[in-house]
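Chemist: Below is a structure I'd like to ask you about.
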Amino acid sequence: MSCISERIDRLRTRIPGFACVQGCHDCCGPVTTSSTEMSRLPVKSEAEHDAALADWRCVHLGPDGCEVYDQRPLICRLFGTTPSLPCPRGRGPEKPTEPHIERQVHQLIASTRQVLV
């Protein structure tokens, strides 16, 4: 396992989860993610990417929600868990992501090649 992959796995465990509003996909717009995280996701065709981008949504958003929830990128996991990325519906974990963990996620994002999901 690569050093980046290990960092991703470690950070994932430090971001708390919370119950979203069923059917809400406000955070499921197109995002960028590291090549390492992208390699964990199913490959989608160029046509699927184009259609998702035209609808301003993530290519992995299906009719029943996120199709890659367990492998969703760090930025998706962070959404709604910090004051800087609040849930527009006021949801969030009891205890937000610790600021130093959020900084580490943003540092990882800044230090890795990003690709559009």
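In the structure tokens, each chain is lettered A, B, ... as it comes, each chain's residues begin at 1, and ligands are numbered from 1 in order of appearance.
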In chain A, what's helix (DSSP H, G or I) per DSSP? Answer as a PyMOL selection string?
Modeler: chain A and resi 3-14+35-38+46-54+69-71+74-78+99-111
Chemist: Need to verify the contact set: A:Gly80, 10 Å, only C-alpha atoms, exclusion of same-chain residues closer than 3 positions in sequence. Can you return it as a ChimeraX atom specification?
Modeler: /A:16-18,20,27,76-77,83-93,96-97
Chemist: Based on the selection just made, write C-alpha atoms of those residues as a PDB file, in the first residue's frame.
Modeler:
```pdb
ATOM      1  CA  PRO A  16     -17.019  11.496  11.838  1.00  0.00           C
ATOM      2  CA  GLY A  17     -20.134  10.352  10.025  1.00  0.00           C
ATOM      3  CA  PHE A  18     -23.665  11.626  10.471  1.00  0.00           C
ATOM      4  CA  CYS A  20     -28.057  12.870   6.112  1.00  0.00           C
ATOM      5  CA  CYS A  27     -23.040  17.764  -1.499  1.00  0.00           C
ATOM      6  CA  CYS A  76     -17.108  14.087   0.290  1.00  0.00           C
ATOM      7  CA  ARG A  77     -16.569  12.680   3.775  1.00  0.00           C
ATOM      8  CA  PRO A  83     -17.683  24.857   9.896  1.00  0.00           C
ATOM      9  CA  SER A  84     -15.944  25.582   6.582  1.00  0.00           C
ATOM     10  CA  LEU A  85     -18.039  22.956   4.721  1.00  0.00           C
ATOM     11  CA  PRO A  86     -21.406  23.086   6.482  1.00  0.00           C
ATOM     12  CA  CYS A  87     -24.401  20.994   5.538  1.00  0.00           C
ATOM     13  CA  PRO A  88     -26.973  23.392   4.030  1.00  0.00           C
ATOM     14  CA  ARG A  89     -29.692  21.485   5.900  1.00  0.00           C
ATOM     15  CA  GLY A  90     -28.040  21.977   9.271  1.00  0.00           C
ATOM     16  CA  ARG A  91     -27.015  18.358   9.770  1.00  0.00           C
ATOM     17  CA  GLY A  92     -23.672  17.227  11.081  1.00  0.00           C
ATOM     18  CA  PRO A  93     -21.989  14.976  13.587  1.00  0.00           C
ATOM     19  CA  PRO A  96     -17.212  17.984  14.213  1.00  0.00           C
ATOM     20  CA  THR A  97     -14.013  16.970  12.481  1.00  0.00           C
TER      21      THR A  97
END
```
Chemist: Take atom CA of A:Thr33 and atom CA of A:Arg12 and report the distance between them in Å, one decimal.
Modeler: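 According to the coordinates, atom CA of A:Thr33 and atom CA of A:Arg12 are separated by 13.7 Å.
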Chemist: Go through A:Leu78, A:Gln114, A:Val31, A:Arg40 one by one, measure the shortest atom-to-atom distance of each to A:Ser5 using only C-alpha atoms, and give the residue with the smallest value.
Modeler: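 For A:Ser5, the nearest of the given residues is A:Arg40.
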Chemist: Please, what distance in Å, to one decimal, runs between atom CA of A:Ile109 and atom CA of A:Gly29?
Modeler: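 Going from atom CA of A:Ile109 over to atom CA of A:Gly29, I get 17.2 Å.
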Chemist: Set the distance at 10 Å and use only C-alpha atoms: which residues neighbour stretch 50-58 of chain A once local chain neighbours fewer than 5 positions away are removed? I'd like the list as a list in words.
Modeler: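 Contacts, in chain order: His25, Asp26, Cys27, Cys28, Gly29, Pro30, Val31, Thr32, Ser45, Cys66, Leu116 and Val117 of chain A.
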Chemist: Just asking: which residues within chain A are strand (DSSP E) according to DSSP, as a PyMOL selection string?
Modeler: chain A and resi 32-34+61-62+65-66+114-116
Chemist: I need the residues from that last selection saved to file as an mmCIF file, in the first residue's frame (with all heavy atoms), if you can.
Modeler:
```cif
data_model
loop_
_atom_site.group_PDB
_atom_site.id
_atom_site.type_symbol
_atom_site.label_atom_id
_atom_site.label_comp_id
_atom_site.auth_asym_id
_atom_site.auth_seq_id
_atom_site.Cartn_x
_atom_site.Cartn_y
_atom_site.Cartn_z
ATOM 1 N N THR A 32 -13.236 17.233 -7.116
ATOM 2 C CA THR A 32 -11.962 16.651 -7.518
ATOM 3 C C THR A 32 -11.487 15.749 -6.391
ATOM 4 O O THR A 32 -11.866 15.925 -5.229
ATOM 5 C CB THR A 32 -10.892 17.719 -7.816
ATOM 6 O OG1 THR A 32 -10.657 18.498 -6.648
ATOM 7 C CG2 THR A 32 -11.322 18.604 -8.976
ATOM 8 N N THR A 33 -10.677 14.800 -6.763
ATOM 9 C CA THR A 33 -10.106 13.877 -5.790
ATOM 10 C C THR A 33 -8.729 13.444 -6.282
ATOM 11 O O THR A 33 -8.384 13.649 -7.438
ATOM 12 C CB THR A 33 -11.044 12.660 -5.582
ATOM 13 O OG1 THR A 33 -10.572 11.908 -4.475
ATOM 14 C CG2 THR A 33 -11.107 11.783 -6.806
ATOM 15 N N SER A 34 -7.989 12.840 -5.394
ATOM 16 C CA SER A 34 -6.651 12.392 -5.776
ATOM 17 C C SER A 34 -6.739 11.203 -6.728
ATOM 18 O O SER A 34 -7.732 10.468 -6.748
ATOM 19 C CB SER A 34 -5.859 11.982 -4.528
ATOM 20 O OG SER A 34 -6.417 10.811 -3.952
ATOM 21 N N LEU A 61 -23.364 9.422 -8.427
ATOM 22 C CA LEU A 61 -24.657 9.614 -7.785
ATOM 23 C C LEU A 61 -25.711 8.878 -8.593
ATOM 24 O O LEU A 61 -25.963 9.198 -9.746
ATOM 25 C CB LEU A 61 -25.008 11.104 -7.689
ATOM 26 C CG LEU A 61 -26.360 11.424 -7.061
ATOM 27 C CD1 LEU A 61 -26.413 10.929 -5.618
ATOM 28 C CD2 LEU A 61 -26.620 12.927 -7.128
ATOM 29 N N GLY A 62 -26.304 7.872 -7.979
ATOM 30 C CA GLY A 62 -27.338 7.075 -8.634
ATOM 31 C C GLY A 62 -28.710 7.439 -8.109
ATOM 32 O O GLY A 62 -28.857 8.326 -7.260
ATOM 33 N N GLY A 65 -28.859 7.333 -4.341
ATOM 34 C CA GLY A 65 -27.795 8.009 -3.616
ATOM 35 C C GLY A 65 -26.411 7.637 -4.126
ATOM 36 O O GLY A 65 -26.250 7.161 -5.251
ATOM 37 N N CYS A 66 -25.432 7.833 -3.282
ATOM 38 C CA CYS A 66 -24.035 7.583 -3.639
ATOM 39 C C CYS A 66 -23.809 6.095 -3.863
ATOM 40 O O CYS A 66 -24.060 5.272 -2.987
ATOM 41 C CB CYS A 66 -23.122 8.098 -2.538
ATOM 42 S SG CYS A 66 -21.370 7.876 -2.900
ATOM 43 N N GLN A 114 -4.996 16.105 -8.646
ATOM 44 C CA GLN A 114 -6.453 16.005 -8.523
ATOM 45 C C GLN A 114 -7.086 15.744 -9.894
ATOM 46 O O GLN A 114 -6.642 16.294 -10.899
ATOM 47 C CB GLN A 114 -7.031 17.287 -7.929
ATOM 48 C CG GLN A 114 -6.540 17.570 -6.503
ATOM 49 C CD GLN A 114 -7.146 16.605 -5.512
ATOM 50 O OE1 GLN A 114 -8.344 16.590 -5.290
ATOM 51 N NE2 GLN A 114 -6.306 15.767 -4.911
ATOM 52 N N VAL A 115 -8.112 14.914 -9.879
ATOM 53 C CA VAL A 115 -8.867 14.621 -11.100
ATOM 54 C C VAL A 115 -10.345 14.838 -10.799
ATOM 55 O O VAL A 115 -10.789 14.689 -9.663
ATOM 56 C CB VAL A 115 -8.606 13.192 -11.606
ATOM 57 C CG1 VAL A 115 -7.168 13.026 -12.078
ATOM 58 C CG2 VAL A 115 -8.913 12.156 -10.545
ATOM 59 N N LEU A 116 -11.110 15.170 -11.820
ATOM 60 C CA LEU A 116 -12.534 15.407 -11.662
ATOM 61 C C LEU A 116 -13.277 14.084 -11.542
ATOM 62 O O LEU A 116 -13.083 13.178 -12.343
ATOM 63 C CB LEU A 116 -13.070 16.198 -12.862
ATOM 64 C CG LEU A 116 -14.518 16.641 -12.790
ATOM 65 C CD1 LEU A 116 -14.737 17.616 -11.635
ATOM 66 C CD2 LEU A 116 -14.927 17.295 -14.109
#
```
Chemist: So how far away is atom CA of A:Glu48 from atom CA of A:Ser111, in Å?
Modeler: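 Atom-to-atom, atom CA of A:Ser111 and atom CA of A:Glu48 are spaced 27.8 Å apart.
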